[in-house]
>>> print(open('my_file.pdb').read())   # PDB, C-alpha atoms, pLDDT in the B column
MODEL        1
ATOM      1  CA  MET V 893      -5.047   7.087  -1.015  1.00 76.00           C
ATOM      2  CA  VAL V 894      -1.728   8.538  -2.237  1.00 76.00           C
ATOM      3  CA  ALA V 895      -2.438  11.784  -0.391  1.00 72.00           C
ATOM      4  CA  SER V 896      -2.390   9.913   2.910  1.00 80.00           C
ATOM      5  CA  PHE V 897       1.272   9.049   2.240  1.00 76.00           C
ATOM      6  CA  GLY V 898       2.990  11.957   3.951  1.00 76.00           C
ATOM      7  CA  ASP V 899      -0.272  13.412   5.299  1.00 76.00           C
ATOM      8  CA  ARG V 900      -0.878  15.681   2.315  1.00 78.00           C
ATOM      9  CA  SER V 901      -4.057  17.129   0.935  1.00 82.00           C
ATOM     10  CA  VAL V 902      -5.362  15.787  -2.369  1.00 79.00           C
ATOM     11  CA  ASP V 903      -4.422  19.117  -3.985  1.00 81.00           C
ATOM     12  CA  GLU V 904      -0.776  18.582  -2.995  1.00 79.00           C
ATOM     13  CA  VAL V 905      -0.479  15.288  -4.889  1.00 80.00           C
ATOM     14  CA  GLY V 906       0.939  15.647  -8.371  1.00 82.00           C
ATOM     15  CA  GLU V 907       0.330  13.313 -11.297  1.00 89.00           C
ATOM     16  CA  ARG V 908       3.871  11.859 -11.186  1.00 92.00           C
ATOM     17  CA  ILE V 909       4.523   9.037  -8.724  1.00 92.00           C
ATOM     18  CA  ASP V 910       7.973   8.042  -7.504  1.00 91.00           C
ATOM     19  CA  SER V 911       9.147   4.525  -6.640  1.00 91.00           C
ATOM     20  CA  ILE V 912       8.669   4.949  -2.881  1.00 91.00           C
ATOM     21  CA  GLN V 913       5.106   6.182  -3.326  1.00 91.00           C
ATOM     22  CA  LEU V 914       4.438   3.381  -5.796  1.00 93.00           C
ATOM     23  CA  ALA V 915       5.701   0.668  -3.442  1.00 93.00           C
ATOM     24  CA  TRP V 916       3.598   2.147  -0.645  1.00 92.00           C
ATOM     25  CA  LEU V 917       0.519   2.349  -2.908  1.00 93.00           C
ATOM     26  CA  VAL V 918       0.831  -1.277  -4.046  1.00 94.00           C
ATOM     27  CA  ASN V 919       1.160  -2.352  -0.412  1.00 94.00           C
ATOM     28  CA  GLN V 920      -1.912  -0.322   0.570  1.00 93.00           C
ATOM     29  CA  VAL V 921      -3.991  -1.845  -2.242  1.00 92.00           C
ATOM     30  CA  GLU V 922      -2.884  -5.355  -1.262  1.00 93.00           C
ATOM     31  CA  GLN V 923      -3.855  -4.739   2.361  1.00 94.00           C
ATOM     32  CA  ARG V 924      -7.159  -3.046   1.582  1.00 91.00           C
ATOM     33  CA  TYR V 925      -8.349  -5.712  -0.872  1.00 88.00           C
ATOM     34  CA  GLY V 926      -6.671  -8.721   0.761  1.00 90.00           C
ATOM     35  CA  VAL V 927      -4.805  -9.713  -2.399  1.00 90.00           C
ATOM     36  CA  GLU V 928      -1.200 -10.290  -3.430  1.00 92.00           C
ATOM     37  CA  ILE V 929      -0.433  -8.450  -6.650  1.00 92.00           C
ATOM     38  CA  GLU V 930       2.278  -9.719  -8.993  1.00 91.00           C
ATOM     39  CA  LEU V 931       3.417  -7.017 -11.420  1.00 93.00           C
ATOM     40  CA  ASP V 932       5.804  -7.426 -14.341  1.00 94.00           C
ATOM     41  CA  ASP V 933       8.271  -4.876 -15.721  1.00 95.00           C
ATOM     42  CA  ALA V 934       5.839  -3.674 -18.388  1.00 96.00           C
ATOM     43  CA  GLN V 935       3.179  -2.980 -15.762  1.00 95.00           C
ATOM     44  CA  PHE V 936       5.662  -1.110 -13.573  1.00 93.00           C
ATOM     45  CA  GLY V 937       6.668   0.906 -16.637  1.00 95.00           C
ATOM     46  CA  ARG V 938       3.076   2.082 -17.030  1.00 96.00           C
ATOM     47  CA  MET V 939       2.931   3.240 -13.402  1.00 96.00           C
ATOM     48  CA  SER V 940       4.964   6.465 -13.556  1.00 95.00           C
ATOM     49  CA  THR V 941       1.817   8.540 -13.049  1.00 95.00           C
ATOM     50  CA  ILE V 942      -1.130   8.319 -10.665  1.00 92.00           C
ATOM     51  CA  SER V 943      -3.449   7.639 -13.612  1.00 93.00           C
ATOM     52  CA  GLY V 944      -1.214   4.853 -14.922  1.00 96.00           C
ATOM     53  CA  ALA V 945      -0.852   3.304 -11.470  1.00 95.00           C
ATOM     54  CA  LEU V 946      -4.610   3.307 -10.954  1.00 92.00           C
ATOM     55  CA  GLU V 947      -5.168   1.669 -14.319  1.00 95.00           C
ATOM     56  CA  VAL V 948      -2.607  -1.082 -13.704  1.00 96.00           C
ATOM     57  CA  LEU V 949      -3.722  -1.715 -10.120  1.00 94.00           C
ATOM     58  CA  ARG V 950      -7.382  -1.864 -11.144  1.00 91.00           C
ATOM     59  CA  GLU V 951      -6.493  -4.469 -13.804  1.00 91.00           C
ATOM     60  CA  ALA V 952      -4.298  -6.448 -11.409  1.00 90.00           C
ATOM     61  CA  VAL V 953      -6.906  -6.575  -8.639  1.00 88.00           C
ATOM     62  CA  MET V 954      -9.564  -7.735 -11.107  1.00 86.00           C
ATOM     63  CA  VAL V 955      -7.256 -10.537 -12.330  1.00 83.00           C
ATOM     64  CA  VAL V 956      -6.535 -11.697  -8.767  1.00 79.00           C
ATOM     65  CA  GLU V 957     -10.204 -11.595  -7.795  1.00 74.00           C
ATOM     66  CA  ASP V 958     -11.178 -13.601 -10.920  1.00 75.00           C
ATOM     67  CA  ALA V 959      -8.568 -16.300 -10.175  1.00 66.00           C
TER      68      ALA V 959
ENDMDL
END
>>> encode(input="my_file.pdb", output="structure tokens")
Amino acid sequence: MVASFGDRSVDEVGERIDSIQLAWLVNQVEQRYGVEIELDDAQFGRMSTISGALEVLREAVMVVEDA
């Protein structure tokens, strides 16, 4: 999903994620899954990498879907 931001190949996406990419990714997840995700500062702090962002977003989507 992150690779589609800027029309890059998957190989061109590094592990680090900047704030613009992160905002875009959160928006894409919200649109794709039809949820509104509320993240706190600690969660944002864990999202400096693709792996961390995926972990936090997976948790957040599961919480919203269980509500």
>>> atom_distance(input="my_file.pdb", atom1="CA of Val948 (chain V)", atom2="CA of Arg924 (chain V)")
16.1 Å
>>> resolve_selection(input="my_file.pdb", expression="the PyMOL selection byres ((chain V and resi 897) around 12)", output="number ranges by chain")
V: 893-896, 898-902, 904-905, 909-910, 912-917, 919-920
>>> residues_around(input="my_file.pdb", residues="Leu949 (chain V)", least_positions_apart="3", cutoff="8 Å", atoms="all atoms listed in the file", output="ChimeraX atom specification")
/V:918,921,945-946,952-953
>>> write_last_selection(input="my_file.pdb", atoms="C-alpha atoms", output="PDB file, in the coordinates of the input")
ATOM      1  CA  VAL V 918       0.831  -1.277  -4.046  1.00 94.00           C
ATOM      2  CA  VAL V 921      -3.991  -1.845  -2.242  1.00 92.00           C
ATOM      3  CA  ALA V 945      -0.852   3.304 -11.470  1.00 95.00           C
ATOM      4  CA  LEU V 946      -4.610   3.307 -10.954  1.00 92.00           C
ATOM      5  CA  ALA V 952      -4.298  -6.448 -11.409  1.00 90.00           C
ATOM      6  CA  VAL V 953      -6.906  -6.575  -8.639  1.00 88.00           C
TER       7      VAL V 953
END
>>> atom_distance(input="my_file.pdb", atom1="CA of Leu931 (chain V)", atom2="CA of Asp958 (chain V)")
16.0 Å
>>> residues_around(input="my_file.pdb", residues="Ser940 (chain V)", least_positions_apart="2", cutoff="10 Å", atoms="all atoms listed in the file", output="number ranges by chain")
V: 907-911, 914, 935-938, 942-945
>>> write_last_selection(input="my_file.pdb", atoms="C-alpha atoms", output="short mmCIF file (atom, residue, chain, number, x, y, z; two decimals), in the coordinates of the input")
data_model
loop_
_atom_site.label_atom_id
_atom_site.label_comp_id
_atom_site.auth_asym_id
_atom_site.auth_seq_id
_atom_site.Cartn_x
_atom_site.Cartn_y
_atom_site.Cartn_z
CA GLU V 907 0.33 13.31 -11.30
CA ARG V 908 3.87 11.86 -11.19
CA ILE V 909 4.52 9.04 -8.72
CA ASP V 910 7.97 8.04 -7.50
CA SER V 911 9.15 4.53 -6.64
CA LEU V 914 4.44 3.38 -5.80
CA GLN V 935 3.18 -2.98 -15.76
CA PHE V 936 5.66 -1.11 -13.57
CA GLY V 937 6.67 0.91 -16.64
CA ARG V 938 3.08 2.08 -17.03
CA ILE V 942 -1.13 8.32 -10.66
CA SER V 943 -3.45 7.64 -13.61
CA GLY V 944 -1.21 4.85 -14.92
CA ALA V 945 -0.85 3.30 -11.47
#
>>> atom_distance(input="my_file.pdb", atom1="CA of Glu957 (chain V)", atom2="CA of Val927 (chain V)")
7.9 Å
>>> build_atoms(input="my_file.pdb", residues="region 932-944 of chain V", atoms="N, CA and C atoms", output="PDB file, keeping the file's coordinate frame")
ATOM      1  N   ASP V 932       4.614  -7.222 -13.515  1.00 94.00           N
ATOM      2  CA  ASP V 932       5.804  -7.426 -14.341  1.00 94.00           C
ATOM      3  C   ASP V 932       6.423  -6.069 -14.699  1.00 94.00           C
ATOM      4  N   ASP V 933       7.556  -6.108 -15.378  1.00 95.00           N
ATOM      5  CA  ASP V 933       8.271  -4.876 -15.721  1.00 95.00           C
ATOM      6  C   ASP V 933       7.433  -3.938 -16.583  1.00 95.00           C
ATOM      7  N   ALA V 934       6.674  -4.504 -17.514  1.00 96.00           N
ATOM      8  CA  ALA V 934       5.839  -3.674 -18.388  1.00 96.00           C
ATOM      9  C   ALA V 934       4.775  -2.939 -17.572  1.00 96.00           C
ATOM     10  N   GLN V 935       4.184  -3.624 -16.606  1.00 95.00           N
ATOM     11  CA  GLN V 935       3.179  -2.980 -15.762  1.00 95.00           C
ATOM     12  C   GLN V 935       3.822  -1.866 -14.937  1.00 95.00           C
ATOM     13  N   PHE V 936       4.972  -2.155 -14.336  1.00 93.00           N
ATOM     14  CA  PHE V 936       5.662  -1.110 -13.573  1.00 93.00           C
ATOM     15  C   PHE V 936       5.997   0.086 -14.466  1.00 93.00           C
ATOM     16  N   GLY V 937       6.356  -0.168 -15.698  1.00 95.00           N
ATOM     17  CA  GLY V 937       6.668   0.906 -16.637  1.00 95.00           C
ATOM     18  C   GLY V 937       5.487   1.823 -16.908  1.00 95.00           C
ATOM     19  N   ARG V 938       4.287   1.290 -16.808  1.00 96.00           N
ATOM     20  CA  ARG V 938       3.076   2.082 -17.030  1.00 96.00           C
ATOM     21  C   ARG V 938       2.661   2.867 -15.789  1.00 96.00           C
ATOM     22  N   MET V 939       3.359   2.675 -14.676  1.00 96.00           N
ATOM     23  CA  MET V 939       2.931   3.240 -13.402  1.00 96.00           C
ATOM     24  C   MET V 939       3.745   4.457 -12.962  1.00 96.00           C
ATOM     25  N   SER V 940       4.182   5.273 -13.903  1.00 95.00           N
ATOM     26  CA  SER V 940       4.964   6.465 -13.556  1.00 95.00           C
ATOM     27  C   SER V 940       4.082   7.654 -13.196  1.00 95.00           C
ATOM     28  N   THR V 941       2.780   7.493 -13.409  1.00 95.00           N
ATOM     29  CA  THR V 941       1.817   8.540 -13.049  1.00 95.00           C
ATOM     30  C   THR V 941       0.720   7.928 -12.182  1.00 95.00           C
ATOM     31  N   ILE V 942      -0.007   8.786 -11.479  1.00 92.00           N
ATOM     32  CA  ILE V 942      -1.130   8.319 -10.665  1.00 92.00           C
ATOM     33  C   ILE V 942      -2.155   7.626 -11.558  1.00 92.00           C
ATOM     34  N   SER V 943      -2.465   8.228 -12.683  1.00 93.00           N
ATOM     35  CA  SER V 943      -3.449   7.639 -13.612  1.00 93.00           C
ATOM     36  C   SER V 943      -3.000   6.256 -14.088  1.00 93.00           C
ATOM     37  N   GLY V 944      -1.738   6.139 -14.470  1.00 96.00           N
ATOM     38  CA  GLY V 944      -1.214   4.853 -14.922  1.00 96.00           C
ATOM     39  C   GLY V 944      -1.223   3.818 -13.822  1.00 96.00           C
TER      40      GLY V 944
END
